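**Student:** Input file: run-v6.cif. Contents: mmCIF, N, CA and C atoms.
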```cif
data_data
loop_
_atom_site.label_atom_id
_atom_site.label_comp_id
_atom_site.auth_asym_id
_atom_site.auth_seq_id
_atom_site.Cartn_x
_atom_site.Cartn_y
_atom_site.Cartn_z
N MET A 261 0.86 -1.17 0.00
CA MET A 261 0.00 0.00 0.00
C MET A 261 0.90 1.23 0.00
N THR A 262 0.65 2.17 -0.90
CA THR A 262 1.44 3.38 -0.96
C THR A 262 1.08 4.30 0.19
N PHE A 263 1.97 5.27 0.47
CA PHE A 263 1.69 6.22 1.55
C PHE A 263 0.38 6.95 1.27
N SER A 264 0.16 7.31 -0.01
CA SER A 264 -1.07 8.01 -0.37
C SER A 264 -2.30 7.18 -0.02
N HIS A 265 -2.27 5.88 -0.36
CA HIS A 265 -3.41 5.00 -0.02
C HIS A 265 -3.55 4.86 1.48
N TRP A 266 -2.43 4.70 2.17
CA TRP A 266 -2.46 4.57 3.64
C TRP A 266 -3.05 5.81 4.26
N ARG A 267 -2.59 6.98 3.79
CA ARG A 267 -3.09 8.24 4.33
C ARG A 267 -4.58 8.38 4.07
N LYS A 268 -5.03 8.05 2.87
CA LYS A 268 -6.46 8.12 2.56
C LYS A 268 -7.26 7.18 3.45
N ALA A 269 -6.72 5.98 3.67
CA ALA A 269 -7.42 5.02 4.53
C ALA A 269 -7.51 5.53 5.96
N ALA A 270 -6.42 6.10 6.45
CA ALA A 270 -6.42 6.62 7.81
C ALA A 270 -7.42 7.75 7.97
N ILE A 271 -7.45 8.65 7.00
CA ILE A 271 -8.39 9.76 7.05
C ILE A 271 -9.81 9.25 6.95
N ALA A 272 -9.99 8.26 6.09
CA ALA A 272 -11.32 7.70 5.93
C ALA A 272 -11.83 7.14 7.24
N VAL A 273 -10.97 6.43 7.93
CA VAL A 273 -11.37 5.85 9.20
C VAL A 273 -11.73 6.95 10.19
N LEU A 274 -10.93 7.99 10.24
CA LEU A 274 -11.20 9.09 11.17
C LEU A 274 -12.53 9.75 10.86
N ALA A 275 -12.86 9.81 9.60
CA ALA A 275 -14.06 10.54 9.23
C ALA A 275 -15.34 9.73 9.37
N LEU A 276 -15.24 8.46 9.52
CA LEU A 276 -16.46 7.65 9.59
C LEU A 276 -17.27 7.88 10.86
N GLY A 277 -16.63 8.31 11.91
CA GLY A 277 -17.26 8.41 13.22
C GLY A 277 -18.61 9.04 13.25
N GLY A 278 -18.75 10.25 13.52
CA GLY A 278 -20.04 10.89 13.53
C GLY A 278 -20.08 11.93 14.61
N ALA A 279 -20.96 12.87 14.42
CA ALA A 279 -21.11 13.92 15.42
C ALA A 279 -22.52 14.44 15.38
N MET A 280 -22.89 15.17 16.38
CA MET A 280 -24.22 15.72 16.46
C MET A 280 -24.18 17.17 16.03
N ALA A 281 -25.00 17.54 15.11
CA ALA A 281 -25.07 18.93 14.67
C ALA A 281 -25.79 19.75 15.73
N PRO A 282 -25.43 21.03 15.85
CA PRO A 282 -26.13 21.87 16.80
C PRO A 282 -27.63 21.83 16.54
N GLY A 283 -28.41 21.81 17.61
CA GLY A 283 -29.86 21.79 17.46
C GLY A 283 -30.44 20.39 17.30
N MET A 284 -29.60 19.36 17.37
CA MET A 284 -30.07 18.00 17.21
C MET A 284 -30.00 17.26 18.55
N ALA A 285 -30.39 17.92 19.61
CA ALA A 285 -30.23 17.37 20.96
C ALA A 285 -30.90 16.02 21.15
N GLU A 286 -31.99 15.76 20.44
CA GLU A 286 -32.69 14.49 20.60
C GLU A 286 -31.87 13.32 20.07
N ALA A 287 -31.09 13.54 19.05
CA ALA A 287 -30.31 12.48 18.43
C ALA A 287 -28.85 12.64 18.83
N ARG A 288 -28.53 12.28 20.06
CA ARG A 288 -27.18 12.49 20.58
C ARG A 288 -26.14 11.71 19.79
N VAL A 289 -26.48 10.56 19.31
CA VAL A 289 -25.57 9.78 18.48
C VAL A 289 -26.16 9.70 17.08
N PRO A 290 -25.40 10.13 16.07
CA PRO A 290 -25.92 10.08 14.70
C PRO A 290 -25.87 8.65 14.17
N GLY A 291 -26.75 7.82 14.67
CA GLY A 291 -26.77 6.43 14.27
C GLY A 291 -27.01 6.26 12.79
N GLY A 292 -26.72 5.09 12.32
CA GLY A 292 -26.91 4.78 10.92
C GLY A 292 -25.60 4.38 10.28
N ILE A 293 -25.63 4.32 8.97
CA ILE A 293 -24.47 3.86 8.22
C ILE A 293 -23.89 5.03 7.44
N TRP A 294 -22.56 5.15 7.49
CA TRP A 294 -21.82 6.24 6.84
C TRP A 294 -20.75 5.63 5.94
N ALA A 295 -20.58 6.24 4.76
CA ALA A 295 -19.61 5.73 3.77
C ALA A 295 -18.49 6.73 3.54
N ASN A 296 -17.30 6.19 3.31
CA ASN A 296 -16.16 7.05 3.01
C ASN A 296 -16.30 7.64 1.60
N PRO A 297 -15.53 8.67 1.26
CA PRO A 297 -15.67 9.34 -0.04
C PRO A 297 -15.49 8.41 -1.23
N SER A 298 -14.59 7.43 -1.12
CA SER A 298 -14.38 6.52 -2.24
C SER A 298 -15.38 5.36 -2.23
N LYS A 299 -16.25 5.35 -1.21
CA LYS A 299 -17.31 4.34 -1.09
C LYS A 299 -16.76 2.91 -1.03
N THR A 300 -15.63 2.75 -0.33
CA THR A 300 -15.03 1.43 -0.18
C THR A 300 -15.26 0.83 1.21
N VAL A 301 -15.77 1.62 2.14
CA VAL A 301 -16.04 1.14 3.50
C VAL A 301 -17.32 1.82 4.01
N GLN A 302 -18.14 1.04 4.71
CA GLN A 302 -19.33 1.57 5.38
C GLN A 302 -19.29 1.13 6.83
N VAL A 303 -19.61 2.08 7.72
CA VAL A 303 -19.59 1.82 9.16
C VAL A 303 -20.95 2.17 9.75
N ARG A 304 -21.43 1.31 10.66
CA ARG A 304 -22.67 1.58 11.38
C ARG A 304 -22.29 2.17 12.74
N PHE A 305 -22.86 3.34 13.05
CA PHE A 305 -22.64 3.98 14.33
C PHE A 305 -23.85 3.77 15.23
N ALA A 306 -23.56 3.51 16.48
CA ALA A 306 -24.62 3.26 17.47
C ALA A 306 -24.08 3.57 18.86
N PRO A 307 -24.99 3.83 19.81
CA PRO A 307 -24.55 4.03 21.19
C PRO A 307 -23.80 2.78 21.68
N CYS A 308 -22.80 3.00 22.54
CA CYS A 308 -22.04 1.85 23.04
C CYS A 308 -21.71 1.99 24.52
N GLY A 309 -22.44 2.78 25.23
CA GLY A 309 -22.18 2.93 26.66
C GLY A 309 -22.36 4.38 27.05
N ARG A 310 -21.88 4.69 28.24
CA ARG A 310 -22.01 6.06 28.71
C ARG A 310 -20.68 6.53 29.25
N GLY A 311 -20.34 7.78 28.92
CA GLY A 311 -19.14 8.40 29.43
C GLY A 311 -19.46 9.18 30.68
N ARG A 312 -18.58 10.10 31.01
CA ARG A 312 -18.76 10.91 32.22
C ARG A 312 -20.14 11.56 32.24
N ASP A 313 -20.44 12.33 31.19
CA ASP A 313 -21.71 13.05 31.15
C ASP A 313 -22.46 12.86 29.84
N ALA A 314 -21.95 12.04 28.96
CA ALA A 314 -22.56 11.92 27.64
C ALA A 314 -22.57 10.47 27.20
N GLN A 315 -23.44 10.20 26.28
CA GLN A 315 -23.52 8.88 25.69
C GLN A 315 -22.31 8.67 24.78
N LEU A 316 -21.74 7.48 24.80
CA LEU A 316 -20.62 7.16 23.92
C LEU A 316 -21.14 6.56 22.63
N MET A 317 -20.34 6.71 21.58
CA MET A 317 -20.70 6.19 20.27
C MET A 317 -19.55 5.33 19.76
N CYS A 318 -19.90 4.22 19.12
CA CYS A 318 -18.90 3.35 18.50
C CYS A 318 -19.33 3.07 17.07
N GLY A 319 -18.37 2.70 16.24
CA GLY A 319 -18.66 2.40 14.84
C GLY A 319 -17.99 1.11 14.40
N THR A 320 -18.78 0.26 13.75
CA THR A 320 -18.32 -1.05 13.32
C THR A 320 -18.51 -1.18 11.81
N VAL A 321 -17.52 -1.76 11.14
CA VAL A 321 -17.60 -1.96 9.69
C VAL A 321 -18.70 -2.97 9.37
N VAL A 322 -19.62 -2.57 8.47
CA VAL A 322 -20.69 -3.46 8.04
C VAL A 322 -20.55 -3.87 6.58
N TRP A 323 -19.72 -3.16 5.84
CA TRP A 323 -19.46 -3.50 4.44
C TRP A 323 -18.11 -2.93 4.04
N ALA A 324 -17.39 -3.65 3.18
CA ALA A 324 -16.11 -3.17 2.66
C ALA A 324 -15.88 -3.78 1.29
N SER A 325 -15.25 -3.00 0.42
CA SER A 325 -14.91 -3.50 -0.91
C SER A 325 -13.79 -4.53 -0.79
N GLU A 326 -13.59 -5.30 -1.84
CA GLU A 326 -12.52 -6.29 -1.84
C GLU A 326 -11.16 -5.61 -1.66
N GLN A 327 -10.96 -4.44 -2.26
CA GLN A 327 -9.70 -3.72 -2.11
C GLN A 327 -9.48 -3.28 -0.67
N ALA A 328 -10.52 -2.77 -0.01
CA ALA A 328 -10.40 -2.36 1.39
C ALA A 328 -10.06 -3.56 2.27
N LYS A 329 -10.69 -4.70 2.00
CA LYS A 329 -10.39 -5.92 2.76
C LYS A 329 -8.95 -6.34 2.56
N ALA A 330 -8.47 -6.27 1.32
CA ALA A 330 -7.08 -6.66 1.02
C ALA A 330 -6.10 -5.71 1.71
N ASP A 331 -6.37 -4.41 1.67
CA ASP A 331 -5.51 -3.43 2.33
C ASP A 331 -5.45 -3.69 3.83
N ALA A 332 -6.60 -3.97 4.44
CA ALA A 332 -6.65 -4.25 5.87
C ALA A 332 -5.88 -5.53 6.19
N ALA A 333 -6.02 -6.54 5.36
CA ALA A 333 -5.31 -7.81 5.59
C ALA A 333 -3.79 -7.60 5.54
N ARG A 334 -3.33 -6.76 4.63
CA ARG A 334 -1.89 -6.45 4.56
C ARG A 334 -1.41 -5.75 5.83
N GLY A 335 -2.32 -5.04 6.49
CA GLY A 335 -1.97 -4.35 7.74
C GLY A 335 -2.16 -5.22 8.98
N GLY A 336 -2.59 -6.47 8.79
CA GLY A 336 -2.74 -7.38 9.92
C GLY A 336 -4.16 -7.57 10.40
N THR A 337 -5.14 -6.96 9.73
CA THR A 337 -6.55 -7.12 10.11
C THR A 337 -7.18 -8.10 9.11
N ASP A 338 -7.30 -9.35 9.55
CA ASP A 338 -7.79 -10.39 8.64
C ASP A 338 -9.27 -10.29 8.33
N ARG A 339 -10.06 -9.79 9.29
CA ARG A 339 -11.51 -9.73 9.11
C ARG A 339 -11.97 -8.29 9.30
N LEU A 340 -12.08 -7.55 8.22
CA LEU A 340 -12.45 -6.14 8.30
C LEU A 340 -13.92 -5.96 8.69
N ILE A 341 -14.81 -6.70 8.05
CA ILE A 341 -16.24 -6.59 8.38
C ILE A 341 -16.44 -7.14 9.79
N GLY A 342 -17.06 -6.32 10.64
CA GLY A 342 -17.25 -6.68 12.03
C GLY A 342 -16.22 -6.05 12.96
N THR A 343 -15.20 -5.44 12.39
CA THR A 343 -14.17 -4.77 13.20
C THR A 343 -14.68 -3.42 13.69
N GLN A 344 -14.49 -3.15 14.97
CA GLN A 344 -14.87 -1.85 15.52
C GLN A 344 -13.74 -0.87 15.21
N LEU A 345 -14.04 0.10 14.36
CA LEU A 345 -13.05 1.10 13.99
C LEU A 345 -13.08 2.32 14.89
N PHE A 346 -14.24 2.61 15.46
CA PHE A 346 -14.42 3.79 16.30
C PHE A 346 -14.85 3.36 17.69
N ALA A 347 -14.09 3.78 18.68
CA ALA A 347 -14.38 3.37 20.05
C ALA A 347 -14.51 4.59 20.95
N ASP A 348 -15.54 4.55 21.78
CA ASP A 348 -15.71 5.54 22.86
C ASP A 348 -15.67 6.99 22.40
N PHE A 349 -16.37 7.28 21.31
CA PHE A 349 -16.46 8.68 20.87
C PHE A 349 -17.43 9.40 21.79
N GLU A 350 -16.98 10.48 22.36
CA GLU A 350 -17.76 11.26 23.32
C GLU A 350 -17.90 12.69 22.81
N GLU A 351 -19.10 13.22 22.96
CA GLU A 351 -19.34 14.58 22.50
C GLU A 351 -18.56 15.57 23.37
N GLU A 352 -17.70 16.35 22.75
CA GLU A 352 -16.91 17.37 23.45
C GLU A 352 -17.68 18.68 23.56
N GLU A 353 -18.41 18.98 22.52
CA GLU A 353 -19.25 20.18 22.43
C GLU A 353 -20.30 19.86 21.38
N PRO A 354 -21.36 20.66 21.29
CA PRO A 354 -22.40 20.34 20.30
C PRO A 354 -21.82 20.19 18.89
N GLY A 355 -22.04 19.02 18.32
CA GLY A 355 -21.61 18.75 16.96
C GLY A 355 -20.18 18.29 16.81
N ARG A 356 -19.45 18.09 17.89
CA ARG A 356 -18.06 17.66 17.79
C ARG A 356 -17.79 16.53 18.79
N TRP A 357 -17.25 15.42 18.27
CA TRP A 357 -16.98 14.24 19.07
C TRP A 357 -15.49 13.91 19.01
N ALA A 358 -14.99 13.23 20.03
CA ALA A 358 -13.60 12.79 20.06
C ALA A 358 -13.55 11.36 20.58
N GLY A 359 -12.62 10.58 20.04
CA GLY A 359 -12.48 9.20 20.47
C GLY A 359 -11.27 8.54 19.85
N THR A 360 -11.28 7.23 19.91
CA THR A 360 -10.17 6.43 19.40
C THR A 360 -10.56 5.75 18.10
N VAL A 361 -9.66 5.82 17.13
CA VAL A 361 -9.90 5.23 15.82
C VAL A 361 -8.87 4.15 15.57
N PHE A 362 -9.33 2.97 15.16
CA PHE A 362 -8.42 1.89 14.76
C PHE A 362 -8.26 1.95 13.25
N ILE A 363 -7.01 2.01 12.80
CA ILE A 363 -6.71 2.05 11.37
C ILE A 363 -6.24 0.66 10.96
N PRO A 364 -7.11 -0.12 10.34
CA PRO A 364 -6.77 -1.52 10.05
C PRO A 364 -5.61 -1.68 9.07
N ASP A 365 -5.41 -0.75 8.18
CA ASP A 365 -4.35 -0.87 7.18
C ASP A 365 -2.96 -0.87 7.82
N ILE A 366 -2.85 -0.26 9.01
CA ILE A 366 -1.55 -0.20 9.68
C ILE A 366 -1.59 -0.85 11.06
N GLY A 367 -2.77 -1.33 11.48
CA GLY A 367 -2.90 -1.98 12.77
C GLY A 367 -2.60 -1.06 13.94
N ARG A 368 -3.05 0.18 13.85
CA ARG A 368 -2.72 1.17 14.88
C ARG A 368 -3.96 1.97 15.28
N GLU A 369 -4.01 2.41 16.55
CA GLU A 369 -5.06 3.30 17.02
C GLU A 369 -4.53 4.72 17.12
N VAL A 370 -5.40 5.69 16.78
CA VAL A 370 -5.07 7.11 16.90
C VAL A 370 -6.27 7.82 17.51
N GLU A 371 -6.04 9.01 18.01
CA GLU A 371 -7.12 9.85 18.51
C GLU A 371 -7.65 10.68 17.35
N GLY A 372 -8.97 10.87 17.30
CA GLY A 372 -9.56 11.64 16.21
C GLY A 372 -10.77 12.42 16.67
N THR A 373 -11.20 13.36 15.85
CA THR A 373 -12.42 14.11 16.11
C THR A 373 -13.32 14.02 14.89
N ILE A 374 -14.60 14.15 15.15
CA ILE A 374 -15.62 14.10 14.12
C ILE A 374 -16.55 15.29 14.33
N THR A 375 -16.89 15.95 13.25
CA THR A 375 -17.86 17.04 13.31
C THR A 375 -18.96 16.75 12.30
N GLN A 376 -20.21 16.84 12.74
CA GLN A 376 -21.32 16.65 11.81
C GLN A 376 -21.69 18.00 11.25
N VAL A 377 -21.51 18.14 9.94
CA VAL A 377 -21.79 19.39 9.24
C VAL A 377 -23.28 19.57 9.04
N ASP A 378 -23.93 18.49 8.62
CA ASP A 378 -25.38 18.47 8.42
C ASP A 378 -25.84 17.03 8.56
N ALA A 379 -27.11 16.77 8.28
CA ALA A 379 -27.67 15.43 8.48
C ALA A 379 -27.02 14.36 7.61
N ARG A 380 -26.36 14.76 6.53
CA ARG A 380 -25.77 13.79 5.60
C ARG A 380 -24.26 13.86 5.50
N THR A 381 -23.61 14.77 6.23
CA THR A 381 -22.17 14.98 6.05
C THR A 381 -21.42 15.02 7.37
N LEU A 382 -20.36 14.23 7.44
CA LEU A 382 -19.44 14.23 8.57
C LEU A 382 -18.06 14.66 8.08
N VAL A 383 -17.33 15.36 8.95
CA VAL A 383 -15.95 15.70 8.65
C VAL A 383 -15.09 15.13 9.76
N GLY A 384 -14.14 14.30 9.38
CA GLY A 384 -13.22 13.71 10.34
C GLY A 384 -11.86 14.35 10.23
N GLU A 385 -11.22 14.54 11.37
CA GLU A 385 -9.89 15.11 11.41
C GLU A 385 -9.04 14.30 12.38
N GLY A 386 -7.77 14.21 12.07
CA GLY A 386 -6.88 13.51 12.98
C GLY A 386 -5.44 13.64 12.54
N CYS A 387 -4.55 13.37 13.48
CA CYS A 387 -3.12 13.40 13.23
C CYS A 387 -2.56 12.03 13.57
N LEU A 388 -1.74 11.52 12.69
CA LEU A 388 -1.19 10.19 12.89
C LEU A 388 -0.03 10.18 13.86
N PHE A 389 0.79 11.21 13.85
CA PHE A 389 2.00 11.22 14.67
C PHE A 389 2.18 12.55 15.36
N GLY A 390 1.63 12.71 16.56
CA GLY A 390 1.83 13.89 17.39
C GLY A 390 1.80 15.22 16.67
N GLY A 391 0.72 15.51 15.97
CA GLY A 391 0.58 16.78 15.28
C GLY A 391 1.09 16.77 13.86
N LEU A 392 1.65 15.67 13.42
CA LEU A 392 2.14 15.55 12.04
C LEU A 392 1.19 14.67 11.24
N GLY A 393 1.15 14.88 9.95
CA GLY A 393 0.30 14.08 9.09
C GLY A 393 -1.18 14.30 9.34
N CYS A 394 -1.55 15.51 9.72
CA CYS A 394 -2.96 15.80 10.01
C CYS A 394 -3.75 15.92 8.71
N ARG A 395 -4.94 15.37 8.71
CA ARG A 395 -5.78 15.37 7.52
C ARG A 395 -7.25 15.54 7.90
N GLN A 396 -8.03 15.88 6.87
CA GLN A 396 -9.48 16.05 7.03
C GLN A 396 -10.15 15.44 5.81
N GLN A 397 -11.32 14.82 6.01
CA GLN A 397 -12.06 14.24 4.89
C GLN A 397 -13.54 14.19 5.22
N ARG A 398 -14.39 14.32 4.18
CA ARG A 398 -15.84 14.31 4.32
C ARG A 398 -16.42 12.94 3.99
N TRP A 399 -17.44 12.57 4.76
CA TRP A 399 -18.15 11.29 4.58
C TRP A 399 -19.63 11.57 4.43
N GLN A 400 -20.34 10.64 3.80
CA GLN A 400 -21.77 10.81 3.54
C GLN A 400 -22.58 9.69 4.18
N ARG A 401 -23.77 10.07 4.66
CA ARG A 401 -24.69 9.07 5.21
C ARG A 401 -25.21 8.21 4.06
N VAL A 402 -25.31 6.91 4.33
CA VAL A 402 -25.86 5.98 3.35
C VAL A 402 -27.36 5.95 3.55
N LYS A 403 -28.12 6.01 2.46
CA LYS A 403 -29.59 6.00 2.56
C LYS A 403 -30.09 4.67 3.04
#
```
Could you quickly redo this structure as C-alpha cells?
**Tutor:**
Amino acid sequence: MTFSHWRKAAIAVLALGGAMAPGMAEARVPGGIWANPSKTVQVRFAPCGRGRDAQLMCGTVVWASEQAKADAARGGTDRLIGTQLFADFEEEEPGRWAGTVFIPDIGREVEGTITQVDARTLVGEGCLFGGLGCRQQRWQRVK
C-alpha cells in the first residue's frame, strides 16, 4: 500500500465516526451507516455505553470493498467486516466528538475528532504522529 493510499485510509477511518449537529439534541448519536468518499467502506454507528456526562458512540464496519479488505489484511486485520473502527467517541461540544480510531491498514489506534456538518455529512480530522500528518475528509450518510 502506498503512503497516499495509507493516508487516505487513515483519514477515511477518522471521518467515519459521527457527530451531532447543533440543534439535534434528541439524536445524541448520529446512528446509521456512513460511507467514506471513495465508497469502499461503510460503518454503522450506534450508542455503546455512557461516558462521564454523555452517551458514547462506537462504529463497526458493516461493508467493505474487496480492495479495502485486502488493504486491511496487509496491515494485519484479517476480518475487516465486524471490526470496531471507532471506540468511545464522546461529544466534546455540540456537533463535535472525540475518540479512538483503529486504522486496520496499519494496525494502529489514533485519537480523532468528528464534526457533523449536516444530516448527511461528517468531517473527520486527525493526526497520525503527534501533530504531524494531520488530515481532514468528508463522509456521507448511506440512505
**Student:** From a DSSP pass on the backbone, collect the residues of region 315-384 of chain A flagged as strand (DSSP E) and hand them back as an mmCIF file with N, CA and C atoms, in the coordinates of the input.
**Tutor:**
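Once everything was written out, this is result17.cif:
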```cif
data_model
loop_
_atom_site.group_PDB
_atom_site.id
_atom_site.type_symbol
_atom_site.label_atom_id
_atom_site.label_comp_id
_atom_site.auth_asym_id
_atom_site.auth_seq_id
_atom_site.Cartn_x
_atom_site.Cartn_y
_atom_site.Cartn_z
ATOM 1 N N GLN A 315 -23.440 10.200 26.280
ATOM 2 C CA GLN A 315 -23.520 8.880 25.690
ATOM 3 C C GLN A 315 -22.310 8.670 24.780
ATOM 4 N N LEU A 316 -21.740 7.480 24.800
ATOM 5 C CA LEU A 316 -20.620 7.160 23.920
ATOM 6 C C LEU A 316 -21.140 6.560 22.630
ATOM 7 N N MET A 317 -20.340 6.710 21.580
ATOM 8 C CA MET A 317 -20.700 6.190 20.270
ATOM 9 C C MET A 317 -19.550 5.330 19.760
ATOM 10 N N CYS A 318 -19.900 4.220 19.120
ATOM 11 C CA CYS A 318 -18.900 3.350 18.500
ATOM 12 C C CYS A 318 -19.330 3.070 17.070
ATOM 13 N N GLY A 319 -18.370 2.700 16.240
ATOM 14 C CA GLY A 319 -18.660 2.400 14.840
ATOM 15 C C GLY A 319 -17.990 1.110 14.400
ATOM 16 N N THR A 320 -18.780 0.260 13.750
ATOM 17 C CA THR A 320 -18.320 -1.050 13.320
ATOM 18 C C THR A 320 -18.510 -1.180 11.810
ATOM 19 N N VAL A 321 -17.520 -1.760 11.140
ATOM 20 C CA VAL A 321 -17.600 -1.960 9.690
ATOM 21 C C VAL A 321 -18.700 -2.970 9.370
ATOM 22 N N VAL A 322 -19.620 -2.570 8.470
ATOM 23 C CA VAL A 322 -20.690 -3.460 8.040
ATOM 24 C C VAL A 322 -20.550 -3.870 6.580
ATOM 25 N N TRP A 323 -19.720 -3.160 5.840
ATOM 26 C CA TRP A 323 -19.460 -3.500 4.440
ATOM 27 C C TRP A 323 -18.110 -2.930 4.040
ATOM 28 N N ALA A 324 -17.390 -3.650 3.180
ATOM 29 C CA ALA A 324 -16.110 -3.170 2.660
ATOM 30 C C ALA A 324 -15.880 -3.780 1.290
ATOM 31 N N GLN A 344 -14.490 -3.150 14.970
ATOM 32 C CA GLN A 344 -14.870 -1.850 15.520
ATOM 33 C C GLN A 344 -13.740 -0.870 15.210
ATOM 34 N N LEU A 345 -14.040 0.100 14.360
ATOM 35 C CA LEU A 345 -13.050 1.100 13.990
ATOM 36 C C LEU A 345 -13.080 2.320 14.890
ATOM 37 N N PHE A 346 -14.240 2.610 15.460
ATOM 38 C CA PHE A 346 -14.420 3.790 16.300
ATOM 39 C C PHE A 346 -14.850 3.360 17.690
ATOM 40 N N ALA A 347 -14.090 3.780 18.680
ATOM 41 C CA ALA A 347 -14.380 3.370 20.050
ATOM 42 C C ALA A 347 -14.510 4.590 20.950
ATOM 43 N N ASP A 348 -15.540 4.550 21.780
ATOM 44 C CA ASP A 348 -15.710 5.540 22.860
ATOM 45 C C ASP A 348 -15.670 6.990 22.400
ATOM 46 N N PHE A 349 -16.370 7.280 21.310
ATOM 47 C CA PHE A 349 -16.460 8.680 20.870
ATOM 48 C C PHE A 349 -17.430 9.400 21.790
ATOM 49 N N GLU A 350 -16.980 10.480 22.360
ATOM 50 C CA GLU A 350 -17.760 11.260 23.320
ATOM 51 C C GLU A 350 -17.900 12.690 22.810
ATOM 52 N N GLU A 351 -19.100 13.220 22.960
ATOM 53 C CA GLU A 351 -19.340 14.580 22.500
ATOM 54 C C GLU A 351 -18.560 15.570 23.370
ATOM 55 N N GLU A 352 -17.700 16.350 22.750
ATOM 56 C CA GLU A 352 -16.910 17.370 23.450
ATOM 57 C C GLU A 352 -17.680 18.680 23.560
ATOM 58 N N GLU A 353 -18.410 18.980 22.520
ATOM 59 C CA GLU A 353 -19.250 20.180 22.430
ATOM 60 C C GLU A 353 -20.300 19.860 21.380
ATOM 61 N N ARG A 356 -19.450 18.090 17.890
ATOM 62 C CA ARG A 356 -18.060 17.660 17.790
ATOM 63 C C ARG A 356 -17.790 16.530 18.790
ATOM 64 N N TRP A 357 -17.250 15.420 18.270
ATOM 65 C CA TRP A 357 -16.980 14.240 19.070
ATOM 66 C C TRP A 357 -15.490 13.910 19.010
ATOM 67 N N ALA A 358 -14.990 13.230 20.030
ATOM 68 C CA ALA A 358 -13.600 12.790 20.060
ATOM 69 C C ALA A 358 -13.550 11.360 20.580
ATOM 70 N N GLY A 359 -12.620 10.580 20.040
ATOM 71 C CA GLY A 359 -12.480 9.200 20.470
ATOM 72 C C GLY A 359 -11.270 8.540 19.850
ATOM 73 N N THR A 360 -11.280 7.230 19.910
ATOM 74 C CA THR A 360 -10.170 6.430 19.400
ATOM 75 C C THR A 360 -10.560 5.750 18.100
ATOM 76 N N VAL A 361 -9.660 5.820 17.130
ATOM 77 C CA VAL A 361 -9.900 5.230 15.820
ATOM 78 C C VAL A 361 -8.870 4.150 15.570
ATOM 79 N N PHE A 362 -9.330 2.970 15.160
ATOM 80 C CA PHE A 362 -8.420 1.890 14.760
ATOM 81 C C PHE A 362 -8.260 1.950 13.250
ATOM 82 N N ILE A 363 -7.010 2.010 12.800
ATOM 83 C CA ILE A 363 -6.710 2.050 11.370
ATOM 84 C C ILE A 363 -6.240 0.660 10.960
ATOM 85 N N ARG A 368 -3.050 0.180 13.850
ATOM 86 C CA ARG A 368 -2.720 1.170 14.880
ATOM 87 C C ARG A 368 -3.960 1.970 15.280
ATOM 88 N N GLU A 369 -4.010 2.410 16.550
ATOM 89 C CA GLU A 369 -5.060 3.300 17.020
ATOM 90 C C GLU A 369 -4.530 4.720 17.120
ATOM 91 N N VAL A 370 -5.400 5.690 16.780
ATOM 92 C CA VAL A 370 -5.070 7.110 16.900
ATOM 93 C C VAL A 370 -6.270 7.820 17.510
ATOM 94 N N GLU A 371 -6.040 9.010 18.010
ATOM 95 C CA GLU A 371 -7.120 9.850 18.510
ATOM 96 C C GLU A 371 -7.650 10.680 17.350
ATOM 97 N N GLY A 372 -8.970 10.870 17.300
ATOM 98 C CA GLY A 372 -9.560 11.640 16.210
ATOM 99 C C GLY A 372 -10.770 12.420 16.670
ATOM 100 N N THR A 373 -11.200 13.360 15.850
ATOM 101 C CA THR A 373 -12.420 14.110 16.110
ATOM 102 C C THR A 373 -13.320 14.020 14.890
ATOM 103 N N ILE A 374 -14.600 14.150 15.150
ATOM 104 C CA ILE A 374 -15.620 14.100 14.120
ATOM 105 C C ILE A 374 -16.550 15.290 14.330
ATOM 106 N N THR A 375 -16.890 15.950 13.250
ATOM 107 C CA THR A 375 -17.860 17.040 13.310
ATOM 108 C C THR A 375 -18.960 16.750 12.300
ATOM 109 N N GLN A 376 -20.210 16.840 12.740
ATOM 110 C CA GLN A 376 -21.320 16.650 11.810
ATOM 111 C C GLN A 376 -21.690 18.000 11.250
ATOM 112 N N VAL A 377 -21.510 18.140 9.940
ATOM 113 C CA VAL A 377 -21.790 19.390 9.240
ATOM 114 C C VAL A 377 -23.280 19.570 9.040
ATOM 115 N N ASP A 378 -23.930 18.490 8.620
ATOM 116 C CA ASP A 378 -25.380 18.470 8.420
ATOM 117 C C ASP A 378 -25.840 17.030 8.560
ATOM 118 N N THR A 381 -23.610 14.770 6.230
ATOM 119 C CA THR A 381 -22.170 14.980 6.050
ATOM 120 C C THR A 381 -21.420 15.020 7.370
ATOM 121 N N LEU A 382 -20.360 14.230 7.440
ATOM 122 C CA LEU A 382 -19.440 14.230 8.570
ATOM 123 C C LEU A 382 -18.060 14.660 8.080
ATOM 124 N N VAL A 383 -17.330 15.360 8.950
ATOM 125 C CA VAL A 383 -15.950 15.700 8.650
ATOM 126 C C VAL A 383 -15.090 15.130 9.760
ATOM 127 N N GLY A 384 -14.140 14.300 9.380
ATOM 128 C CA GLY A 384 -13.220 13.710 10.340
ATOM 129 C C GLY A 384 -11.860 14.350 10.230
#
```
**Student:** Mind pulling up the distance from CA of Leu382 (chain A) to atom C of Arg339 (chain A)?
**Tutor:**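 Value for the atom C of Arg339 (chain A)-CA of Leu382 (chain A) distance: 23.7 Å.
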**Student:** Using Å and a single decimal, report how far atom N of Glu352 (chain A) sits from atom C of Gly390 (chain A).
**Tutor:**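 The value is 20.5 Å.
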**Student:** Which residue out of A:Ser325, A:Glu371, A:Asp378, A:Leu388 has the minimum interatomic distance to Ala295 (chain A) when only C-alpha atoms are used?
**Tutor:** A:Ser325
**Student:** Report the residues retrieved by the PyMOL selection byres (((chain A and resi 323 and name CA) around 8) and name CA) from the displayed file, expressed as an MDAnalysis selection string.
**Tutor:** chainID A and resid 301:303 321:322 324:325 341
